[in-house]
Amino acid sequence: MSTYDFDLFVIGGGSGGVRAARMAAQRGARVALAEVAELGGTCVNVGCIPKKLYSYAAGYADAFEEAAGYGWTAGEPRFDWDALKQRRAHEIRRLNGVYRSLLENAGVTLIAGWAQLTGPHGVQVGERHHSARTVLVATGGMPFVPDLPGREHGLVSDAMFDLAPFPKHLVVVGGGYIACEFASIFNGLGAKVTLLQRNAHLLNGFDHDLREFLAREMGKAGVDIQLNADLSMLRRSGEGGEGGGVTAVLSRGQQIEADAVLFATGRSPNTQGLALETAGVALDERGAIVVDGNYRSSVKSVYAIGDVSTRLQLTPVALAEAMTVVDALFGDGRRSVDYEYVPTAVFTHPNVGTCGYTETAARARFGQVTIFSSEFKALRHTLSGSNERVFMKLVVDTASDRVVGLHMVGPDAGEIVQGFAVAMRAGATKAMFDTTIGIHPTVAEEFVTMREPMTA
């Protein structure tokens, strides 16, 4: 009988990899985890956590201004970019330590370095070779930068958290959630922000009413959103921050001078340099590891989860996939991931929260649907002086009365939608929504008080 150094070798110390390694070790497996950077992956180090912290920071600008409407008088607020960066860095280091402690306490062998496959059961890290019964690839994704002249003058999202100096004018290229979030963040922190989106709308894949409403709200807040704007090149100019500014040249001839340009143009699976071809692991046209319904690659001893594979690119999804793989390898194999009603949020200003089908997707899936929507000013802003508005929408399968889509733009949208996602997964109908007593006065109660459907 063949013997291996480990029962499970995890490549990648992000959220999914850490969860898989820790839970497998707690079930008695011999586990190793290789990571070349800080533990926690994109989410902890240059993604969800620091981005949400910066989003909170950006929100204080509006809070200071709105306080006057409630009788508060304060001095002129002053923002310290360096202080925010230092505070964020301290918190991320703390989280890195938490991840390390969780793994070490579970008995996981931590290996620092770049890992490569040497075969179906072999992994090379530096000068050492390791063998494992099963290998799990959880290396996540990396920012994608389009191939255009002067691309080297642009930045990716990973670099935005320690940017120096703070940009007076930031150009954001892209229209997805990363682009919209950073545009909102730096606009709130005091930068002039121009967002260039080559398509006719923001947030591709989101409900059309939601994304149009968000674009209007972001525009009201000060973000200069330019749709159908195709960037053709970047070139270094003589003004701006360290090393000069950057000129963004559009295909229609327009030139925009900025201190920094952010490419928020999507992410690619991080499969380069892993020697996956050595083991015969198949990739798709995007470079993602192709997996079956059990997260197994074309090589039966190699699994993949999270952004490096072909599923939803969300941290909680990677965590769920990790638990499913661990359960399959070291448990009873009953756990699975249902991707149909996965809630998600976009931490723009205002926030976006969504769960289930868009109106377009629901019509294609269910046929006849009934739409309920509402737009209003929140109670808070009756005195704050802000002109921010809230948008909420329900998509109902007419035949079954089941709520199959729930969408919101407004304060704390992610917090609100998380709770409704439980109801949607349980199959809640519009009638159940209607008979649920609302909490008054709240924004969330609008989801259970919408009675009149929209007319076509």
# chains A, B, ... in the order shown; residues from 1 in each chain; ligands from 1
$ select_by_dssp --residues "region 100-235 of chain A" --states "alpha helix (DSSP H)" --output "VMD selection string"
chain A and resid 100 to 106 177 to 189 208 to 221
$ residues_around --residues "Ser232 (chain A)" --least-positions-apart "2" --cutoff "10 Å" --atoms "only C-alpha atoms" --output "PyMOL selection string"
chain A and resi 147-151+229-230+234+248-253
$ write_last_selection --atoms "C-alpha atoms" --output "PDB file, in the first residue's frame"
ATOM      1  CA  ASP A 147      -3.250  44.584 -23.087  1.00  0.00           C
ATOM      2  CA  LEU A 148      -3.027  48.194 -24.205  1.00  0.00           C
ATOM      3  CA  PRO A 149      -0.205  50.711 -24.674  1.00  0.00           C
ATOM      4  CA  GLY A 150       0.994  52.204 -21.398  1.00  0.00           C
ATOM      5  CA  ARG A 151      -0.675  49.596 -19.224  1.00  0.00           C
ATOM      6  CA  ALA A 229     -15.912  54.997 -22.827  1.00  0.00           C
ATOM      7  CA  ASP A 230     -13.200  52.763 -24.268  1.00  0.00           C
ATOM      8  CA  LEU A 234      -2.106  55.443 -20.950  1.00  0.00           C
ATOM      9  CA  ALA A 248      -5.811  58.352 -20.046  1.00  0.00           C
ATOM     10  CA  VAL A 249      -6.547  58.523 -23.761  1.00  0.00           C
ATOM     11  CA  LEU A 250      -9.935  57.277 -24.935  1.00  0.00           C
ATOM     12  CA  SER A 251     -10.662  55.757 -28.327  1.00  0.00           C
ATOM     13  CA  ARG A 252     -12.845  58.751 -29.188  1.00  0.00           C
ATOM     14  CA  GLY A 253      -9.889  61.088 -28.640  1.00  0.00           C
TER      15      GLY A 253
END
$ select_by_dssp --residues "region 214-447 of chain A" --states "strand (DSSP E or B)" --output "VMD selection string"
chain A and resid 224 to 227 231 to 236 246 to 250 255 to 258 260 to 263 267 to 269 283 289 296 302 to 304 344 to 346 352 to 356 369 to 376 390 to 397 402 to 409 429
$ residues_around --residues "Leu163 (chain A)" --least-positions-apart "4" --cutoff "12 Å" --atoms "only C-alpha atoms" --output "list of chain:residue names"
A:Trp81, A:Asp82, A:Leu84, A:Lys85, A:Gln86, A:Leu155, A:Val156, A:Ser157, A:Asp158, A:Ala159, A:Pro167, A:Lys168, A:Leu170, A:Phe186, A:Gly241, A:Glu242, A:Asp259, A:Ala260, A:Val261, A:Leu262
$ residues_around --residues "Pro143 (chain A)" --least-positions-apart "2" --cutoff "7 Å" --atoms "only C-alpha atoms" --output "number ranges by chain"
A: 141, 145, 156, 266-268
$ write_last_selection --atoms "N, CA and C atoms" --output "PDB file, in the first residue's frame"
ATOM      1  N   GLY A 141      -7.524  34.195  -7.252  1.00  0.00           N
ATOM      2  CA  GLY A 141      -7.420  34.914  -8.516  1.00  0.00           C
ATOM      3  C   GLY A 141      -6.463  36.073  -8.395  1.00  0.00           C
ATOM      4  N   VAL A 145      -5.333  42.882 -16.230  1.00  0.00           N
ATOM      5  CA  VAL A 145      -5.070  44.181 -16.843  1.00  0.00           C
ATOM      6  C   VAL A 145      -5.115  44.007 -18.358  1.00  0.00           C
ATOM      7  N   VAL A 156      -3.401  48.220 -10.075  1.00  0.00           N
ATOM      8  CA  VAL A 156      -4.469  47.247  -9.839  1.00  0.00           C
ATOM      9  C   VAL A 156      -4.963  47.425  -8.413  1.00  0.00           C
ATOM     10  N   GLY A 266     -11.594  43.236 -13.885  1.00  0.00           N
ATOM     11  CA  GLY A 266     -11.825  41.811 -13.687  1.00  0.00           C
ATOM     12  C   GLY A 266     -10.637  41.100 -13.063  1.00  0.00           C
ATOM     13  N   ARG A 267     -10.830  39.815 -12.780  1.00  0.00           N
ATOM     14  CA  ARG A 267      -9.786  38.990 -12.170  1.00  0.00           C
ATOM     15  C   ARG A 267      -9.655  37.680 -12.943  1.00  0.00           C
ATOM     16  N   SER A 268      -8.455  37.146 -12.934  1.00  0.00           N
ATOM     17  CA  SER A 268      -8.166  35.893 -13.630  1.00  0.00           C
ATOM     18  C   SER A 268      -7.753  34.826 -12.624  1.00  0.00           C
TER      19      SER A 268
END
$ residues_around --residues "region 43-52 of chain A" --least-positions-apart "2" --cutoff "9 Å" --atoms "only C-alpha atoms" --output "number ranges by chain"
A: 14-15, 38-41, 54-57, 88-89, 91-93, 95-96, 157-161, 181-182, 185, 315, 347
$ write_last_selection --atoms "N, CA and C atoms" --output "PDB file, in the first residue's frame"
ATOM      1  N   GLY A  14      -5.487  31.230   1.341  1.00  0.00           N
ATOM      2  CA  GLY A  14      -6.602  32.161   1.413  1.00  0.00           C
ATOM      3  C   GLY A  14      -7.731  31.584   2.248  1.00  0.00           C
ATOM      4  N   SER A  15      -8.880  32.213   2.159  1.00  0.00           N
ATOM      5  CA  SER A  15     -10.004  31.803   3.004  1.00  0.00           C
ATOM      6  C   SER A  15     -10.377  30.345   2.790  1.00  0.00           C
ATOM      7  N   GLU A  38       1.264  36.373   2.717  1.00  0.00           N
ATOM      8  CA  GLU A  38       0.643  36.375   4.031  1.00  0.00           C
ATOM      9  C   GLU A  38      -0.619  35.517   4.024  1.00  0.00           C
ATOM     10  N   LEU A  39      -0.904  34.895   5.137  1.00  0.00           N
ATOM     11  CA  LEU A  39      -2.098  34.073   5.240  1.00  0.00           C
ATOM     12  C   LEU A  39      -3.358  34.943   5.176  1.00  0.00           C
ATOM     13  N   GLY A  40      -4.402  34.371   4.621  1.00  0.00           N
ATOM     14  CA  GLY A  40      -5.664  35.082   4.506  1.00  0.00           C
ATOM     15  C   GLY A  40      -6.052  35.381   3.080  1.00  0.00           C
ATOM     16  N   GLY A  41      -5.076  35.335   2.163  1.00  0.00           N
ATOM     17  CA  GLY A  41      -5.378  35.516   0.759  1.00  0.00           C
ATOM     18  C   GLY A  41      -5.864  36.910   0.407  1.00  0.00           C
ATOM     19  N   TYR A  54     -12.094  50.659   4.387  1.00  0.00           N
ATOM     20  CA  TYR A  54     -11.965  51.934   3.673  1.00  0.00           C
ATOM     21  C   TYR A  54     -13.341  52.478   3.297  1.00  0.00           C
ATOM     22  N   SER A  55     -14.277  51.591   3.043  1.00  0.00           N
ATOM     23  CA  SER A  55     -15.640  52.029   2.753  1.00  0.00           C
ATOM     24  C   SER A  55     -16.254  52.706   3.976  1.00  0.00           C
ATOM     25  N   TYR A  56     -16.024  52.115   5.159  1.00  0.00           N
ATOM     26  CA  TYR A  56     -16.477  52.769   6.387  1.00  0.00           C
ATOM     27  C   TYR A  56     -15.854  54.155   6.511  1.00  0.00           C
ATOM     28  N   ALA A  57     -14.551  54.245   6.256  1.00  0.00           N
ATOM     29  CA  ALA A  57     -13.850  55.526   6.372  1.00  0.00           C
ATOM     30  C   ALA A  57     -14.470  56.567   5.453  1.00  0.00           C
ATOM     31  N   ARG A  88      -5.284  50.328   9.168  1.00  0.00           N
ATOM     32  CA  ARG A  88      -5.666  49.146   8.387  1.00  0.00           C
ATOM     33  C   ARG A  88      -4.575  48.081   8.426  1.00  0.00           C
ATOM     34  N   ALA A  89      -3.335  48.490   8.226  1.00  0.00           N
ATOM     35  CA  ALA A  89      -2.226  47.548   8.210  1.00  0.00           C
ATOM     36  C   ALA A  89      -2.109  46.812   9.542  1.00  0.00           C
ATOM     37  N   GLU A  91      -4.554  46.117  11.623  1.00  0.00           N
ATOM     38  CA  GLU A  91      -5.638  45.140  11.710  1.00  0.00           C
ATOM     39  C   GLU A  91      -5.379  43.923  10.820  1.00  0.00           C
ATOM     40  N   ILE A  92      -4.827  44.141   9.641  1.00  0.00           N
ATOM     41  CA  ILE A  92      -4.547  43.013   8.744  1.00  0.00           C
ATOM     42  C   ILE A  92      -3.460  42.117   9.336  1.00  0.00           C
ATOM     43  N   ARG A  93      -2.446  42.717   9.952  1.00  0.00           N
ATOM     44  CA  ARG A  93      -1.415  41.901  10.606  1.00  0.00           C
ATOM     45  C   ARG A  93      -2.022  41.065  11.725  1.00  0.00           C
ATOM     46  N   LEU A  95      -5.078  39.906  11.830  1.00  0.00           N
ATOM     47  CA  LEU A  95      -5.823  38.816  11.196  1.00  0.00           C
ATOM     48  C   LEU A  95      -4.886  37.746  10.640  1.00  0.00           C
ATOM     49  N   ASN A  96      -3.751  38.168  10.084  1.00  0.00           N
ATOM     50  CA  ASN A  96      -2.760  37.193   9.628  1.00  0.00           C
ATOM     51  C   ASN A  96      -2.336  36.272  10.767  1.00  0.00           C
ATOM     52  N   SER A 157      -6.071  46.795  -8.115  1.00  0.00           N
ATOM     53  CA  SER A 157      -6.718  47.011  -6.819  1.00  0.00           C
ATOM     54  C   SER A 157      -5.813  46.671  -5.643  1.00  0.00           C
ATOM     55  N   ASP A 158      -4.920  45.688  -5.804  1.00  0.00           N
ATOM     56  CA  ASP A 158      -4.030  45.311  -4.711  1.00  0.00           C
ATOM     57  C   ASP A 158      -3.184  46.484  -4.226  1.00  0.00           C
ATOM     58  N   ALA A 159      -2.877  47.422  -5.134  1.00  0.00           N
ATOM     59  CA  ALA A 159      -1.982  48.527  -4.799  1.00  0.00           C
ATOM     60  C   ALA A 159      -2.698  49.728  -4.202  1.00  0.00           C
ATOM     61  N   MET A 160      -4.024  49.713  -4.184  1.00  0.00           N
ATOM     62  CA  MET A 160      -4.760  50.918  -3.800  1.00  0.00           C
ATOM     63  C   MET A 160      -4.734  51.198  -2.304  1.00  0.00           C
ATOM     64  N   PHE A 161      -4.511  50.187  -1.504  1.00  0.00           N
ATOM     65  CA  PHE A 161      -4.617  50.375  -0.058  1.00  0.00           C
ATOM     66  C   PHE A 161      -3.428  51.130   0.525  1.00  0.00           C
ATOM     67  N   GLU A 181     -16.832  49.990  -6.247  1.00  0.00           N
ATOM     68  CA  GLU A 181     -16.483  50.157  -4.836  1.00  0.00           C
ATOM     69  C   GLU A 181     -15.338  51.142  -4.652  1.00  0.00           C
ATOM     70  N   PHE A 182     -14.271  50.985  -5.425  1.00  0.00           N
ATOM     71  CA  PHE A 182     -13.136  51.903  -5.263  1.00  0.00           C
ATOM     72  C   PHE A 182     -13.493  53.312  -5.712  1.00  0.00           C
ATOM     73  N   ILE A 185     -15.309  54.698  -2.751  1.00  0.00           N
ATOM     74  CA  ILE A 185     -14.411  54.905  -1.617  1.00  0.00           C
ATOM     75  C   ILE A 185     -13.585  56.169  -1.791  1.00  0.00           C
ATOM     76  N   THR A 315     -15.945  34.949  -1.418  1.00  0.00           N
ATOM     77  CA  THR A 315     -15.276  34.302  -0.291  1.00  0.00           C
ATOM     78  C   THR A 315     -16.159  33.289   0.441  1.00  0.00           C
ATOM     79  N   PHE A 347     -20.170  47.093  -1.888  1.00  0.00           N
ATOM     80  CA  PHE A 347     -20.045  48.136  -0.872  1.00  0.00           C
ATOM     81  C   PHE A 347     -19.722  49.489  -1.494  1.00  0.00           C
TER      82      PHE A 347
END
$ closest_residue --among "A:Asp207, A:Glu445, A:Asp338, A:Glu277" --to "Leu312 (chain A)" --atoms "only C-alpha atoms"
A:Asp338
$ atom_distance --atom1 "CA of Val108 (chain A)" --atom2 "CA of Arg22 (chain A)"
6.7 Å
$ decode --residues "region 372-408 of chain A" --atoms "N, CA and C atoms" --output "PDB file, in the first residue's frame"
ATOM      1  N   PHE A 372     -42.375  43.845  -8.209  1.00  0.00           N
ATOM      2  CA  PHE A 372     -42.725  44.857  -7.223  1.00  0.00           C
ATOM      3  C   PHE A 372     -41.478  45.704  -6.983  1.00  0.00           C
ATOM      4  N   SER A 373     -41.631  46.998  -6.955  1.00  0.00           N
ATOM      5  CA  SER A 373     -40.466  47.838  -6.686  1.00  0.00           C
ATOM      6  C   SER A 373     -40.887  49.113  -5.981  1.00  0.00           C
ATOM      7  N   SER A 374     -39.919  49.730  -5.324  1.00  0.00           N
ATOM      8  CA  SER A 374     -40.184  50.952  -4.574  1.00  0.00           C
ATOM      9  C   SER A 374     -38.928  51.805  -4.555  1.00  0.00           C
ATOM     10  N   GLU A 375     -39.109  53.103  -4.649  1.00  0.00           N
ATOM     11  CA  GLU A 375     -38.013  54.058  -4.544  1.00  0.00           C
ATOM     12  C   GLU A 375     -38.455  55.178  -3.607  1.00  0.00           C
ATOM     13  N   PHE A 376     -37.621  55.523  -2.634  1.00  0.00           N
ATOM     14  CA  PHE A 376     -38.042  56.502  -1.639  1.00  0.00           C
ATOM     15  C   PHE A 376     -36.832  57.105  -0.923  1.00  0.00           C
ATOM     16  N   LYS A 377     -37.093  58.172  -0.187  1.00  0.00           N
ATOM     17  CA  LYS A 377     -36.064  58.765   0.670  1.00  0.00           C
ATOM     18  C   LYS A 377     -36.201  58.157   2.058  1.00  0.00           C
ATOM     19  N   ALA A 378     -35.106  57.662   2.600  1.00  0.00           N
ATOM     20  CA  ALA A 378     -35.136  57.060   3.933  1.00  0.00           C
ATOM     21  C   ALA A 378     -35.428  58.111   4.995  1.00  0.00           C
ATOM     22  N   LEU A 379     -36.057  57.676   6.088  1.00  0.00           N
ATOM     23  CA  LEU A 379     -36.409  58.584   7.172  1.00  0.00           C
ATOM     24  C   LEU A 379     -35.212  59.387   7.654  1.00  0.00           C
ATOM     25  N   ARG A 380     -34.063  58.751   7.717  1.00  0.00           N
ATOM     26  CA  ARG A 380     -32.866  59.443   8.199  1.00  0.00           C
ATOM     27  C   ARG A 380     -32.614  60.730   7.430  1.00  0.00           C
ATOM     28  N   HIS A 381     -32.896  60.710   6.136  1.00  0.00           N
ATOM     29  CA  HIS A 381     -32.540  61.863   5.312  1.00  0.00           C
ATOM     30  C   HIS A 381     -33.629  62.926   5.230  1.00  0.00           C
ATOM     31  N   THR A 382     -34.721  62.746   5.974  1.00  0.00           N
ATOM     32  CA  THR A 382     -35.711  63.819   6.058  1.00  0.00           C
ATOM     33  C   THR A 382     -35.166  65.010   6.831  1.00  0.00           C
ATOM     34  N   LEU A 383     -34.174  64.764   7.687  1.00  0.00           N
ATOM     35  CA  LEU A 383     -33.528  65.853   8.428  1.00  0.00           C
ATOM     36  C   LEU A 383     -32.065  66.054   8.047  1.00  0.00           C
ATOM     37  N   SER A 384     -31.444  65.046   7.451  1.00  0.00           N
ATOM     38  CA  SER A 384     -29.998  65.123   7.203  1.00  0.00           C
ATOM     39  C   SER A 384     -29.628  66.113   6.113  1.00  0.00           C
ATOM     40  N   GLY A 385     -30.562  66.386   5.211  1.00  0.00           N
ATOM     41  CA  GLY A 385     -30.254  67.256   4.083  1.00  0.00           C
ATOM     42  C   GLY A 385     -29.737  66.510   2.869  1.00  0.00           C
ATOM     43  N   SER A 386     -29.489  65.213   3.003  1.00  0.00           N
ATOM     44  CA  SER A 386     -28.995  64.420   1.885  1.00  0.00           C
ATOM     45  C   SER A 386     -30.131  64.117   0.907  1.00  0.00           C
ATOM     46  N   ASN A 387     -29.794  64.057  -0.371  1.00  0.00           N
ATOM     47  CA  ASN A 387     -30.787  63.694  -1.378  1.00  0.00           C
ATOM     48  C   ASN A 387     -30.673  62.232  -1.803  1.00  0.00           C
ATOM     49  N   GLU A 388     -29.965  61.424  -1.005  1.00  0.00           N
ATOM     50  CA  GLU A 388     -29.815  60.002  -1.306  1.00  0.00           C
ATOM     51  C   GLU A 388     -31.173  59.302  -1.215  1.00  0.00           C
ATOM     52  N   ARG A 389     -31.407  58.370  -2.143  1.00  0.00           N
ATOM     53  CA  ARG A 389     -32.654  57.632  -2.171  1.00  0.00           C
ATOM     54  C   ARG A 389     -32.375  56.132  -2.105  1.00  0.00           C
ATOM     55  N   VAL A 390     -33.419  55.371  -1.840  1.00  0.00           N
ATOM     56  CA  VAL A 390     -33.332  53.914  -1.688  1.00  0.00           C
ATOM     57  C   VAL A 390     -34.152  53.262  -2.793  1.00  0.00           C
ATOM     58  N   PHE A 391     -33.629  52.153  -3.320  1.00  0.00           N
ATOM     59  CA  PHE A 391     -34.355  51.375  -4.325  1.00  0.00           C
ATOM     60  C   PHE A 391     -34.479  49.939  -3.840  1.00  0.00           C
ATOM     61  N   MET A 392     -35.690  49.360  -3.939  1.00  0.00           N
ATOM     62  CA  MET A 392     -35.912  47.976  -3.534  1.00  0.00           C
ATOM     63  C   MET A 392     -36.811  47.311  -4.570  1.00  0.00           C
ATOM     64  N   LYS A 393     -36.545  46.034  -4.832  1.00  0.00           N
ATOM     65  CA  LYS A 393     -37.264  45.334  -5.895  1.00  0.00           C
ATOM     66  C   LYS A 393     -37.420  43.863  -5.555  1.00  0.00           C
ATOM     67  N   LEU A 394     -38.607  43.333  -5.811  1.00  0.00           N
ATOM     68  CA  LEU A 394     -38.884  41.903  -5.669  1.00  0.00           C
ATOM     69  C   LEU A 394     -39.290  41.336  -7.024  1.00  0.00           C
ATOM     70  N   VAL A 395     -38.755  40.173  -7.329  1.00  0.00           N
ATOM     71  CA  VAL A 395     -39.121  39.437  -8.540  1.00  0.00           C
ATOM     72  C   VAL A 395     -39.820  38.161  -8.090  1.00  0.00           C
ATOM     73  N   VAL A 396     -41.057  37.967  -8.523  1.00  0.00           N
ATOM     74  CA  VAL A 396     -41.877  36.854  -8.053  1.00  0.00           C
ATOM     75  C   VAL A 396     -42.254  35.948  -9.228  1.00  0.00           C
ATOM     76  N   ASP A 397     -42.024  34.657  -9.060  1.00  0.00           N
ATOM     77  CA  ASP A 397     -42.508  33.675 -10.027  1.00  0.00           C
ATOM     78  C   ASP A 397     -44.030  33.639  -9.924  1.00  0.00           C
ATOM     79  N   THR A 398     -44.713  34.093 -10.956  1.00  0.00           N
ATOM     80  CA  THR A 398     -46.164  34.256 -10.885  1.00  0.00           C
ATOM     81  C   THR A 398     -46.879  32.943 -10.603  1.00  0.00           C
ATOM     82  N   ALA A 399     -46.430  31.863 -11.206  1.00  0.00           N
ATOM     83  CA  ALA A 399     -47.122  30.579 -11.066  1.00  0.00           C
ATOM     84  C   ALA A 399     -47.081  30.050  -9.640  1.00  0.00           C
ATOM     85  N   SER A 400     -45.919  30.148  -8.976  1.00  0.00           N
ATOM     86  CA  SER A 400     -45.765  29.580  -7.635  1.00  0.00           C
ATOM     87  C   SER A 400     -45.880  30.622  -6.528  1.00  0.00           C
ATOM     88  N   ASP A 401     -45.832  31.894  -6.882  1.00  0.00           N
ATOM     89  CA  ASP A 401     -45.830  33.015  -5.938  1.00  0.00           C
ATOM     90  C   ASP A 401     -44.529  33.094  -5.142  1.00  0.00           C
ATOM     91  N   ARG A 402     -43.538  32.302  -5.506  1.00  0.00           N
ATOM     92  CA  ARG A 402     -42.262  32.318  -4.786  1.00  0.00           C
ATOM     93  C   ARG A 402     -41.463  33.560  -5.149  1.00  0.00           C
ATOM     94  N   VAL A 403     -40.844  34.179  -4.143  1.00  0.00           N
ATOM     95  CA  VAL A 403     -39.940  35.310  -4.374  1.00  0.00           C
ATOM     96  C   VAL A 403     -38.608  34.740  -4.855  1.00  0.00           C
ATOM     97  N   VAL A 404     -38.275  35.016  -6.107  1.00  0.00           N
ATOM     98  CA  VAL A 404     -37.074  34.429  -6.706  1.00  0.00           C
ATOM     99  C   VAL A 404     -35.969  35.460  -6.934  1.00  0.00           C
ATOM    100  N   GLY A 405     -36.254  36.723  -6.706  1.00  0.00           N
ATOM    101  CA  GLY A 405     -35.246  37.761  -6.829  1.00  0.00           C
ATOM    102  C   GLY A 405     -35.516  38.892  -5.863  1.00  0.00           C
ATOM    103  N   LEU A 406     -34.476  39.352  -5.165  1.00  0.00           N
ATOM    104  CA  LEU A 406     -34.610  40.444  -4.208  1.00  0.00           C
ATOM    105  C   LEU A 406     -33.403  41.351  -4.362  1.00  0.00           C
ATOM    106  N   HIS A 407     -33.642  42.629  -4.631  1.00  0.00           N
ATOM    107  CA  HIS A 407     -32.564  43.552  -4.978  1.00  0.00           C
ATOM    108  C   HIS A 407     -32.748  44.874  -4.246  1.00  0.00           C
ATOM    109  N   MET A 408     -31.632  45.452  -3.829  1.00  0.00           N
ATOM    110  CA  MET A 408     -31.701  46.685  -3.046  1.00  0.00           C
ATOM    111  C   MET A 408     -30.476  47.552  -3.272  1.00  0.00           C
TER     112      MET A 408
END
